[in-house]
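Below is start-v9.cif, holding mmCIF, C-alpha atoms.
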data_start
loop_
_atom_site.label_atom_id
_atom_site.label_comp_id
_atom_site.auth_asym_id
_atom_site.auth_seq_id
_atom_site.Cartn_x
_atom_site.Cartn_y
_atom_site.Cartn_z
CA MET A 1 7.65 -26.45 -15.53
CA LYS A 2 4.11 -25.45 -16.33
CA ILE A 3 3.25 -21.93 -15.30
CA ASP A 4 -0.31 -21.29 -14.35
CA PHE A 5 -1.17 -17.74 -15.46
CA LYS A 6 -4.89 -18.33 -15.52
CA ASN A 7 -4.85 -18.97 -11.79
CA PHE A 8 -3.33 -15.52 -11.17
CA VAL A 9 -6.24 -13.73 -12.84
CA ASN A 10 -8.67 -16.13 -11.23
CA ALA A 11 -7.30 -15.42 -7.74
CA LEU A 12 -7.28 -11.69 -8.41
CA TRP A 13 -10.90 -11.29 -9.45
CA LYS A 14 -13.20 -14.30 -9.85
CA GLU A 15 -12.18 -16.17 -6.73
CA ASN A 16 -11.17 -13.11 -4.76
CA ALA A 17 -10.27 -13.98 -1.18
CA ILE A 18 -12.75 -11.53 0.34
CA PHE A 19 -15.55 -11.29 -2.21
CA TYR A 20 -15.72 -14.93 -3.23
CA LEU A 21 -13.93 -17.20 -0.74
CA MET A 22 -14.74 -14.88 2.17
CA LEU A 23 -11.58 -15.84 3.98
CA GLY A 24 -9.57 -13.61 6.30
CA LEU A 25 -12.51 -11.41 7.18
CA CYS A 26 -11.42 -10.82 10.79
CA PRO A 27 -8.39 -8.58 10.14
CA PHE A 28 -10.27 -7.19 7.14
CA LEU A 29 -13.13 -5.92 9.30
CA ALA A 30 -10.75 -4.52 11.87
CA VAL A 31 -8.33 -2.66 9.63
CA SER A 32 -10.46 -1.50 6.67
CA SER A 33 -11.81 1.47 8.63
CA SER A 34 -8.79 3.59 7.74
CA VAL A 35 -7.21 3.97 4.28
CA ARG A 36 -3.65 4.42 5.53
CA ASP A 37 -3.75 1.31 7.71
CA SER A 38 -5.36 -0.64 4.88
CA ILE A 39 -2.49 0.16 2.54
CA GLY A 40 -0.02 -1.05 5.17
CA MET A 41 -2.04 -4.20 5.77
CA GLY A 42 -2.42 -4.85 2.02
CA ILE A 43 1.32 -4.63 1.42
CA ALA A 44 2.04 -6.83 4.44
CA VAL A 45 -0.37 -9.51 3.19
CA ILE A 46 1.03 -9.45 -0.37
CA PHE A 47 4.58 -9.87 0.96
CA VAL A 48 3.71 -12.62 3.42
CA LEU A 49 1.57 -14.53 0.91
CA ALA A 50 4.14 -14.39 -1.87
CA GLY A 51 7.00 -15.26 0.50
CA SER A 52 5.25 -18.10 2.27
CA ASN A 53 3.85 -19.55 -0.96
CA VAL A 54 7.32 -19.64 -2.56
CA THR A 55 8.96 -21.15 0.52
CA ILE A 56 6.26 -23.74 1.03
CA SER A 57 6.36 -24.71 -2.62
CA LEU A 58 10.15 -25.15 -2.32
CA ILE A 59 9.94 -27.40 0.73
CA ARG A 60 6.75 -29.24 -0.27
CA LYS A 61 8.59 -32.42 -1.27
CA PHE A 62 10.53 -32.75 1.99
CA VAL A 63 7.73 -32.13 4.45
CA PRO A 64 5.83 -35.26 5.46
CA SER A 65 2.09 -34.64 5.30
CA HIS A 66 1.46 -35.28 9.00
CA VAL A 67 3.67 -32.35 10.08
CA ARG A 68 2.78 -30.01 7.24
CA ILE A 69 0.45 -27.70 9.19
CA PRO A 70 3.00 -26.81 11.94
CA ALA A 71 5.71 -26.50 9.29
CA PHE A 72 3.57 -24.11 7.21
CA ILE A 73 2.65 -22.05 10.27
CA VAL A 74 6.33 -21.66 11.20
CA VAL A 75 7.14 -20.46 7.69
CA ILE A 76 4.22 -18.00 7.70
CA ALA A 77 5.07 -16.74 11.20
CA THR A 78 8.65 -16.13 10.09
CA PHE A 79 7.54 -13.92 7.22
CA VAL A 80 5.04 -12.07 9.41
CA THR A 81 7.74 -11.34 11.99
CA ILE A 82 10.05 -10.04 9.25
CA VAL A 83 7.27 -7.68 8.12
CA ASP A 84 6.63 -6.69 11.73
CA TYR A 85 10.27 -5.69 12.33
CA SER A 86 10.66 -3.96 8.97
CA LEU A 87 7.49 -1.94 9.38
CA ALA A 88 8.54 -0.88 12.89
CA ALA A 89 11.83 0.32 11.40
CA LEU A 90 10.35 2.02 8.32
CA SER A 91 7.02 3.42 9.42
CA PRO A 92 6.42 3.38 13.18
CA GLN A 93 3.11 5.17 12.75
CA ILE A 94 1.47 2.51 10.57
CA HIS A 95 3.07 -0.13 12.76
CA ARG A 96 1.46 1.43 15.81
CA ASN A 97 -1.96 1.74 14.14
CA LEU A 98 -2.01 -1.84 12.88
CA GLY A 99 -1.17 -2.91 16.41
CA VAL A 100 -2.26 -6.43 17.17
CA TYR A 101 -3.63 -7.14 13.67
CA LEU A 102 -0.18 -7.36 12.13
CA PRO A 103 1.04 -10.31 14.25
CA LEU A 104 -2.41 -11.83 13.69
CA VAL A 105 -1.69 -12.11 9.95
CA VAL A 106 -0.08 -15.40 11.02
CA VAL A 107 -3.49 -16.91 11.61
CA ASN A 108 -5.13 -15.19 8.65
CA CYS A 109 -6.85 -18.14 7.00
CA ILE A 110 -6.18 -16.82 3.46
CA ILE A 111 -2.47 -17.46 3.90
CA LEU A 112 -2.65 -20.93 5.41
CA GLY A 113 -5.46 -21.66 2.96
CA ARG A 114 -3.28 -20.86 -0.07
CA ALA A 115 -0.35 -22.77 1.41
CA GLU A 116 -2.48 -25.83 1.95
CA ALA A 117 -4.64 -25.67 -1.17
CA TYR A 118 -2.13 -24.40 -3.72
CA ALA A 119 1.52 -23.97 -2.79
CA SER A 120 1.88 -27.44 -1.29
CA LYS A 121 0.83 -28.97 -4.62
CA ASN A 122 2.27 -26.67 -7.29
CA ASN A 123 5.64 -25.47 -8.60
CA VAL A 124 7.47 -22.40 -7.33
CA ILE A 125 6.60 -19.88 -10.04
CA SER A 126 2.93 -20.81 -10.14
CA SER A 127 2.85 -20.56 -6.35
CA LEU A 128 4.48 -17.14 -6.46
CA LEU A 129 1.88 -15.98 -8.99
CA ASP A 130 -0.89 -17.44 -6.88
CA GLY A 131 0.40 -15.66 -3.78
CA LEU A 132 0.71 -12.38 -5.66
CA GLY A 133 -2.74 -12.78 -7.20
CA VAL A 134 -4.51 -13.53 -3.95
CA GLY A 135 -2.47 -10.90 -2.09
CA ILE A 136 -3.07 -8.14 -4.63
CA GLY A 137 -6.74 -9.14 -4.75
CA PHE A 138 -6.92 -8.75 -0.97
CA ALA A 139 -5.00 -5.47 -1.00
CA LEU A 140 -7.20 -3.90 -3.72
CA VAL A 141 -10.40 -4.93 -1.97
CA ILE A 142 -9.30 -3.68 1.45
CA PHE A 143 -8.17 -0.42 -0.18
CA VAL A 144 -11.49 0.19 -1.94
CA VAL A 145 -13.60 -0.81 1.06
CA SER A 146 -11.52 1.36 3.39
CA ILE A 147 -12.07 4.40 1.13
CA VAL A 148 -15.84 3.93 1.42
CA ARG A 149 -15.72 3.30 5.16
CA GLU A 150 -13.37 6.14 6.05
CA LEU A 151 -15.27 8.57 3.82
CA PHE A 152 -18.68 7.86 5.29
CA GLY A 153 -17.60 6.85 8.78
CA ASN A 154 -15.19 9.70 9.44
CA GLY A 155 -15.65 12.19 6.59
CA THR A 156 -12.00 11.86 5.58
CA ILE A 157 -9.71 10.07 3.15
CA LEU A 158 -6.14 9.47 4.32
CA GLY A 159 -6.92 11.92 7.12
CA HIS A 160 -7.94 14.78 4.77
CA GLN A 161 -11.37 16.27 5.34
CA ILE A 162 -13.56 15.60 2.30
CA PHE A 163 -16.96 16.66 3.54
CA GLY A 164 -17.18 19.94 5.46
CA ALA A 165 -16.68 20.20 9.19
CA ASN A 166 -20.46 20.05 9.71
CA PHE A 167 -20.64 16.52 8.36
CA THR A 168 -21.95 14.04 10.93
CA PRO A 169 -20.19 10.72 10.29
CA PHE A 170 -22.19 7.51 10.07
CA LEU A 171 -20.46 5.87 12.98
CA ILE A 172 -21.67 2.42 11.96
CA MET A 173 -19.39 2.53 8.91
CA ILE A 174 -16.32 2.62 11.16
CA MET A 175 -17.59 -0.26 13.27
CA PRO A 176 -17.44 -3.89 12.10
CA PRO A 177 -21.11 -4.03 10.97
CA GLY A 178 -20.30 -1.24 8.50
CA ALA A 179 -17.64 -3.44 6.92
CA PHE A 180 -20.19 -6.22 6.40
CA ILE A 181 -22.61 -3.77 4.78
CA VAL A 182 -19.96 -2.41 2.41
CA ILE A 183 -18.71 -5.90 1.54
CA GLY A 184 -22.31 -6.94 0.85
CA PHE A 185 -22.80 -4.13 -1.65
CA PHE A 186 -19.53 -4.94 -3.39
CA ILE A 187 -20.35 -8.64 -3.64
CA ALA A 188 -23.71 -7.75 -5.20
CA LEU A 189 -21.90 -5.49 -7.67
CA LYS A 190 -19.41 -8.22 -8.55
CA GLN A 191 -22.18 -10.77 -9.04
CA GLY A 192 -24.07 -8.29 -11.20
CA ILE A 193 -21.06 -7.69 -13.44
CA GLU A 194 -20.44 -11.42 -13.84
CA ARG A 195 -24.09 -12.19 -14.63
CA ARG A 196 -24.21 -9.48 -17.26
CA GLY A 197 -20.99 -10.80 -18.78
CA LYS A 198 -22.56 -14.23 -19.18
CA LYS A 199 -25.67 -13.00 -20.98
CA CYS A 200 -23.81 -11.25 -23.78
CA MET B 1 2.40 -44.16 11.96
CA ASN B 2 5.70 -46.03 11.99
CA LYS B 3 8.93 -45.03 13.67
CA LYS B 4 10.53 -43.73 10.49
CA GLU B 5 7.69 -41.30 9.83
CA ILE B 6 7.82 -39.93 13.36
CA VAL B 7 11.58 -39.37 13.26
CA GLY B 8 11.31 -37.80 9.79
CA GLY B 9 8.62 -35.41 10.97
CA ILE B 10 10.63 -34.35 14.01
CA LEU B 11 13.74 -33.87 11.91
CA ILE B 12 12.02 -31.71 9.29
CA LEU B 13 10.28 -29.55 11.88
CA THR B 14 13.56 -29.07 13.76
CA ILE B 15 15.31 -27.98 10.58
CA ILE B 16 12.55 -25.59 9.58
CA THR B 17 12.21 -23.98 13.00
CA SER B 18 15.95 -23.54 13.49
CA LEU B 19 16.35 -22.05 10.01
CA SER B 20 13.59 -19.53 10.67
CA GLY B 21 15.11 -18.86 14.08
CA TYR B 22 18.43 -17.94 12.47
CA LEU B 23 16.71 -15.85 9.81
CA LEU B 24 14.70 -13.92 12.39
CA ALA B 25 17.74 -13.35 14.58
CA TYR B 26 19.45 -11.83 11.55
CA VAL B 27 16.48 -9.62 10.63
CA TYR B 28 16.21 -8.52 14.26
CA LYS B 29 19.89 -7.57 14.32
CA VAL B 30 19.57 -5.59 11.09
CA THR B 31 16.40 -3.72 12.00
CA LYS B 32 17.13 -3.12 15.69
CA PRO B 33 19.24 0.03 15.30
CA ALA B 34 16.69 1.50 12.89
CA ILE B 35 13.79 0.72 15.22
CA GLU B 36 15.62 2.22 18.20
CA LYS B 37 16.54 5.27 16.19
CA GLN B 38 12.92 5.74 15.14
CA GLN B 39 11.77 5.41 18.73
CA LYS B 40 14.35 7.91 19.92
CA ILE B 41 13.40 10.41 17.20
CA GLU B 42 9.77 9.93 18.04
CA GLU B 43 10.34 10.48 21.74
CA ASP B 44 12.43 13.59 21.14
CA ASN B 45 9.74 14.95 18.85
CA ILE B 46 7.06 14.28 21.44
CA ASN B 47 9.08 16.00 24.18
CA LYS B 48 9.58 18.98 21.90
CA GLU B 49 5.90 19.05 20.97
CA ILE B 50 4.84 19.14 24.60
CA PHE B 51 7.38 21.83 25.53
CA PRO B 52 8.14 23.82 22.35
CA ASP B 53 10.19 26.32 24.39
CA GLY B 54 12.18 23.61 26.16
CA VAL B 55 15.91 23.78 25.45
CA GLU B 56 17.30 20.84 27.39
CA PHE B 57 15.70 17.58 28.39
CA HIS B 58 17.31 15.60 31.22
CA GLU B 59 16.24 12.27 32.62
CA VAL B 60 15.85 12.35 36.40
CA GLU B 61 15.21 9.54 38.87
CA GLN B 62 13.68 10.49 42.19
CA GLY B 63 12.86 7.51 44.38
CA ASP B 64 10.43 5.37 42.40
CA ILE B 65 9.49 8.14 40.02
CA LYS B 66 11.34 8.71 36.77
CA TYR B 67 10.75 11.84 34.77
CA ILE B 68 12.29 14.16 32.23
CA SER B 69 13.19 17.57 33.56
CA VAL B 70 12.72 20.32 30.97
CA LEU B 71 14.95 23.37 31.11
CA GLY B 72 13.94 26.64 29.49
CA SER B 73 16.16 29.12 27.67
CA GLU B 74 17.40 30.62 30.97
CA GLY B 75 18.48 27.26 32.33
CA LYS B 76 15.61 27.11 34.80
CA GLU B 77 13.24 24.17 35.04
CA ILE B 78 9.98 25.00 33.29
CA GLY B 79 8.29 21.64 33.66
CA LYS B 80 8.50 17.87 33.85
CA ILE B 81 7.49 15.09 31.53
CA PHE B 82 6.16 11.86 33.05
CA THR B 83 5.32 8.55 31.45
CA THR B 84 2.49 6.45 32.81
CA THR B 85 0.34 3.49 31.76
CA SER B 86 -3.38 3.02 32.10
CA PRO B 87 -5.41 -0.10 31.30
CA GLY B 88 -7.49 0.55 28.16
CA TYR B 89 -9.81 -1.59 26.07
CA GLY B 90 -7.09 -3.58 24.30
CA GLY B 91 -4.31 -3.57 26.91
CA ASP B 92 -2.17 -0.93 28.55
CA ILE B 93 -2.07 2.55 27.09
CA LYS B 94 1.30 4.27 27.48
CA ILE B 95 0.87 7.99 28.02
CA LYS B 96 3.37 10.85 28.11
CA ILE B 97 2.28 13.77 30.24
CA GLY B 98 3.90 17.18 30.38
CA VAL B 99 3.28 19.09 33.61
CA ASP B 100 4.26 22.70 34.30
CA GLU B 101 5.43 24.15 37.62
CA ASP B 102 1.86 24.81 38.83
CA LEU B 103 0.89 21.15 38.30
CA LYS B 104 -1.20 22.05 35.27
CA ILE B 105 -1.13 19.90 32.14
CA LYS B 106 1.17 21.21 29.45
CA GLY B 107 0.46 18.45 26.97
CA VAL B 108 -0.62 14.81 26.74
CA LYS B 109 0.58 12.35 24.10
CA ILE B 110 -0.10 8.67 23.56
CA LEU B 111 3.08 6.62 23.12
CA GLN B 112 1.63 3.17 22.67
CA HIS B 113 -1.80 1.57 22.63
CA ASN B 114 -3.76 -1.37 21.27
CA GLU B 115 -7.17 0.28 21.05
CA THR B 116 -9.63 -0.50 18.25
CA PRO B 117 -8.61 1.23 14.99
CA GLY B 118 -11.18 3.87 14.04
CA LEU B 119 -12.74 4.02 17.50
CA GLY B 120 -10.50 3.80 20.57
CA ALA B 121 -7.47 4.68 18.45
CA LYS B 122 -8.90 8.20 18.24
CA ILE B 123 -7.37 8.87 21.67
CA THR B 124 -4.19 9.73 19.75
CA GLU B 125 -5.90 12.57 17.87
CA LYS B 126 -5.29 16.19 18.74
CA LYS B 127 -9.00 16.87 19.07
CA PHE B 128 -9.16 14.62 22.11
CA LEU B 129 -5.73 15.23 23.64
CA SER B 130 -5.76 19.03 23.42
CA GLN B 131 -8.68 19.03 25.85
CA PHE B 132 -6.24 18.32 28.67
CA ASP B 133 -4.02 21.33 28.01
CA GLY B 134 -3.84 23.86 30.83
CA LYS B 135 -6.10 21.91 33.16
CA GLY B 136 -5.49 20.91 36.77
CA LYS B 137 -6.52 17.60 38.25
CA GLU B 138 -9.95 18.74 39.49
CA LYS B 139 -11.17 19.31 35.92
CA ILE B 140 -9.79 16.08 34.46
CA TYR B 141 -12.90 13.95 34.55
CA LEU B 142 -15.15 12.89 31.71
CA LYS B 143 -18.03 15.36 31.48
CA LYS B 144 -20.60 12.64 31.88
CA ASP B 145 -18.99 11.22 35.03
CA ASN B 146 -18.45 14.38 37.03
CA SER B 147 -20.05 17.83 36.81
CA GLU B 148 -16.61 19.44 37.31
CA GLY B 149 -15.19 17.44 34.43
CA GLU B 150 -14.25 19.15 31.17
CA ILE B 151 -13.19 16.22 28.99
CA ASP B 152 -15.46 15.08 26.13
CA THR B 153 -15.77 11.34 25.63
CA ILE B 154 -14.97 9.99 22.15
CA THR B 155 -18.15 8.56 20.64
CA GLY B 156 -18.06 4.78 20.72
CA ALA B 157 -14.90 4.69 22.80
CA THR B 158 -15.90 5.29 26.42
CA ILE B 159 -13.41 2.83 27.90
CA SER B 160 -10.45 4.25 25.99
CA SER B 161 -11.40 7.86 26.78
CA LYS B 162 -11.84 7.00 30.42
CA ALA B 163 -8.53 5.13 30.58
CA VAL B 164 -6.58 8.16 29.35
CA THR B 165 -8.48 10.60 31.57
CA GLU B 166 -8.04 8.48 34.70
CA GLY B 167 -4.40 7.82 33.88
CA VAL B 168 -3.64 11.53 33.57
CA ARG B 169 -5.53 12.46 36.74
CA LYS B 170 -3.97 9.69 38.82
CA LEU B 171 -0.53 10.79 37.75
CA LEU B 172 -1.26 14.39 38.78
CA GLU B 173 -2.52 13.15 42.14
CA THR B 174 0.63 11.12 42.71
CA ILE B 175 2.88 14.05 41.87
CA GLU B 176 0.95 16.33 44.19
CA VAL B 177 1.29 13.91 47.10
CA GLU B 178 4.99 13.61 46.36
CA LYS B 179 5.41 17.37 46.20
CA ASN B 180 3.59 17.95 49.50
CA GLU B 181 5.71 15.34 51.26
CA ASN B 182 8.91 17.05 50.29
#

Can you dump the structure from the file as structure tokens?
Amino acid sequence: MKIDFKNFVNALWKENAIFYLMLGLCPFLAVSSSVRDSIGMGIAVIFVLAGSNVTISLIRKFVPSHVRIPAFIVVIATFVTIVDYSLAALSPQIHRNLGVYLPLVVVNCIILGRAEAYASKNNVISSLLDGLGVGIGFALVIFVVSIVRELFGNGTILGHQIFGANFTPFLIMIMPPGAFIVIGFFIALKQGIERRGKKC
Amino acid sequence: MNKKEIVGGILILTIITSLSGYLLAYVYKVTKPAIEKQQKIEEDNINKEIFPDGVEFHEVEQGDIKYISVLGSEGKEIGKIFTTTSPGYGGDIKIKIGVDEDLKIKGVKILQHNETPGLGAKITEKKFLSQFDGKGKEKIYLKKDNSEGEIDTITGATISSKAVTEGVRKLLETIEVEKNEN
């Protein structure tokens, strides 16, 4: 069994789901306005991606190609529901804040995208690594972006006041356009780093 | 597509869906007591937060209205806690409202909502909810809607702010009618 380590690093940074593939932006825009919710969302996505990638890789030889999409969606929905129940049992507060975006992880195109493009063609361990790579990549990005958005949009990080009480928040940072602006800056930064790396 | 492919597809999908059905039933069974326990703890905490000097909390059903009767240290009723829903921006908002004997608000808490994180979700914050404390129904309007009103709207979340305010006022109105009838 050939294990594809290079793909893990690739998924984590170079082909990052948000900054390069620009998949799964909808829940990203919605949740990245608060650091605490972002951490919850990040963990949920890592778990679902790793779980669904492994399962889909295991069943890839039995599933005929014309029913693969419904089969993959059922597998993904199962993992999302497990996360939904567990989060409600462990941390009702995050569960309440994530609200409708948690069940919507089912239709997050990153997850179906990885199932279709990678897990349905590769072995179990490579698929697990791919799921972890993409998931951790997503979680890190949503974490960093949420720090910027919560700090400027609300003056807080994890609910703690950072700027004084007189600080007037830039409301746009909390709203979806703010997420686009922050993502834009980060993509420029990433491109800049990669360009510089090539010149040397 | 030939017959064999169709049957194979149906078979595989049936197996996958029933397996995940079993798995989910199991997870549901395992997590259910924990979820219920969390909800119970949360509700008790909320009741206690609204009436810190409440000693006993009893559920009472009076006609169509259900409420929690709060008894003080001397065994006398010091207030009631009602639960109501109000349509918000992303679905119904479930609100817990503590009312004292003079029909003034003792405390308002949000039990459940699907408002936008970062905007409408701010209705759960103390800064917004504490505005209701000690007020009677005539003051529970958004400032911009009614000159008597004393509730500040959350910036960028007019619908959510309004939903909570209306929900609380309507409940007070209902209780008052009920009280006068008796």

Residues of chain A within 8 Å of chain B, using only C-alpha atoms, as a CSV table (one decimal) with C-alpha atoms, keeping the file's coordinate frame?
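Done, and the output landed in selection23.csv:
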chain,number,residue,atom,x,y,z
A,30,ALA,CA,-10.8,-4.5,11.9
A,31,VAL,CA,-8.3,-2.7,9.6
A,33,SER,CA,-11.8,1.5,8.6
A,34,SER,CA,-8.8,3.6,7.7
A,62,PHE,CA,10.5,-32.8,2.0
A,63,VAL,CA,7.7,-32.1,4.4
A,64,PRO,CA,5.8,-35.3,5.5
A,66,HIS,CA,1.5,-35.3,9.0
A,67,VAL,CA,3.7,-32.4,10.1
A,70,PRO,CA,3.0,-26.8,11.9
A,71,ALA,CA,5.7,-26.5,9.3
A,74,VAL,CA,6.3,-21.7,11.2
A,75,VAL,CA,7.1,-20.5,7.7
A,78,THR,CA,8.6,-16.1,10.1
A,81,THR,CA,7.7,-11.3,12.0
A,82,ILE,CA,10.0,-10.0,9.2
A,85,TYR,CA,10.3,-5.7,12.3
A,86,SER,CA,10.7,-4.0,9.0
A,88,ALA,CA,8.5,-0.9,12.9
A,89,ALA,CA,11.8,0.3,11.4
A,90,LEU,CA,10.4,2.0,8.3
A,92,PRO,CA,6.4,3.4,13.2
A,96,ARG,CA,1.5,1.4,15.8
A,97,ASN,CA,-2.0,1.7,14.1
A,98,LEU,CA,-2.0,-1.8,12.9
A,99,GLY,CA,-1.2,-2.9,16.4
A,100,VAL,CA,-2.3,-6.4,17.2
A,174,ILE,CA,-16.3,2.6,11.2
A,175,MET,CA,-17.6,-0.3,13.3

Specify as a count of residues only each residue included when the PyMOL selection byres ((chain A and resi 11-28) around 9) is applied to this file.
40

Report as a list in words the residues that result from applying the PyMOL selection byres ((chain B and resi 151) around 9) to the structure here.
Phe128, Gln131, Phe132, Lys139, Ile140, Tyr141, Leu142, Lys143, Lys144, Gly149, Glu150, Asp152, Thr153, Ser161 and Thr165 of chain B

Output of the PyMOL selection byres ((chain B and resi 68) around 7), listed as a PDB file with C-alpha atoms, in the coordinates of the input:
ATOM      1  CA  PHE B  57      15.700  17.580  28.390  1.00  0.00           C
ATOM      2  CA  HIS B  58      17.310  15.600  31.220  1.00  0.00           C
ATOM      3  CA  GLU B  59      16.240  12.270  32.620  1.00  0.00           C
ATOM      4  CA  VAL B  60      15.850  12.350  36.400  1.00  0.00           C
ATOM      5  CA  TYR B  67      10.750  11.840  34.770  1.00  0.00           C
ATOM      6  CA  SER B  69      13.190  17.570  33.560  1.00  0.00           C
ATOM      7  CA  VAL B  70      12.720  20.320  30.970  1.00  0.00           C
ATOM      8  CA  LYS B  80       8.500  17.870  33.850  1.00  0.00           C
ATOM      9  CA  ILE B  81       7.490  15.090  31.530  1.00  0.00           C
ATOM     10  CA  PHE B  82       6.160  11.860  33.050  1.00  0.00           C
TER      11      PHE B  82
END

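If you look at CA of Phe72 in chain A and CA of Ser127 in chain A, they are 14.0 Å away from each other.
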
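Summary of the local environment: counting all atoms listed in the file, residues at most 7 Å from Ile105 in chain B, other than itself and those fewer than 4 positions away along its chain, are Gly98, Val99, Asp100, Phe132, Asp133, Gly134, Lys135 and Gly136 of chain B.
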
Near Phe152 in chain A, within 6 Å and counting only C-alpha atoms, which residues show up once chain neighbours fewer than 2 positions away are dropped, as a VMD selection string?
chain A and resid 149 to 150 154 to 155 169 to 170

Would you pick out the contacts of Pro87 in chain B at 7 Å or less, using only C-alpha atoms, so that residues sharing its chain but fewer than 5 positions from it are not included, and give the list as number ranges by chain?
B: 92-93, 163

For the residues selected in the previous step, produce a file with C-alpha atoms as a PDB file, in the coordinates of the input.
ATOM      1  CA  ASP B  92      -2.170  -0.930  28.550  1.00  0.00           C
ATOM      2  CA  ILE B  93      -2.070   2.550  27.090  1.00  0.00           C
ATOM      3  CA  ALA B 163      -8.530   5.130  30.580  1.00  0.00           C
TER       4      ALA B 163
END

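Taking CA of Gly91 in chain B and CA of Gly40 in chain A as the two end points, the separation is 22.3 Å.
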
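Using only C-alpha atoms, the smallest distance between any of B:Glu43, B:Gly120, B:Gly79, B:Ile65 and Leu171 in chain B comes from B:Ile65.
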
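Closest approach to Val54 in chain A from the set A:Leu171, A:Leu129, A:Val148, A:Gly197 is made by A:Leu129, with distances taken over all atoms listed in the file.
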
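CA of Phe143 in chain A sits 20.9 Å away from CA of Gly192 in chain A.
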
With all atoms listed in the file counted, which protein, DNA or RNA residues have an atom no more than 6 Å from (-0.6, 5.0, 31.5) in the file frame? Please answer as a ChimeraX atom specification.
/B:84-86,93-95,167

Size and centre in Å, one decimal, axis-aligned box, all listed range 35-43 of chain B atoms plus 8 Å per side, as lines of an AutoDock Vina configuration file:
center_x = 13.2
center_y = 5.6
center_z = 18.4
size_x = 22.8
size_y = 25.8
size_z = 22.6

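Restricting the calculation to only C-alpha atoms, the smallest distance between Asn47 in chain B and any of B:Thr158, B:Ile97, B:Leu172, B:Lys104 is found for B:Ile97.
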
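Distance annotation: of B:Leu71, B:Ile78, B:Glu125, B:Ile50, the residue with the minimal separation from Gly159 in chain A is B:Glu125; atom set is only C-alpha atoms.
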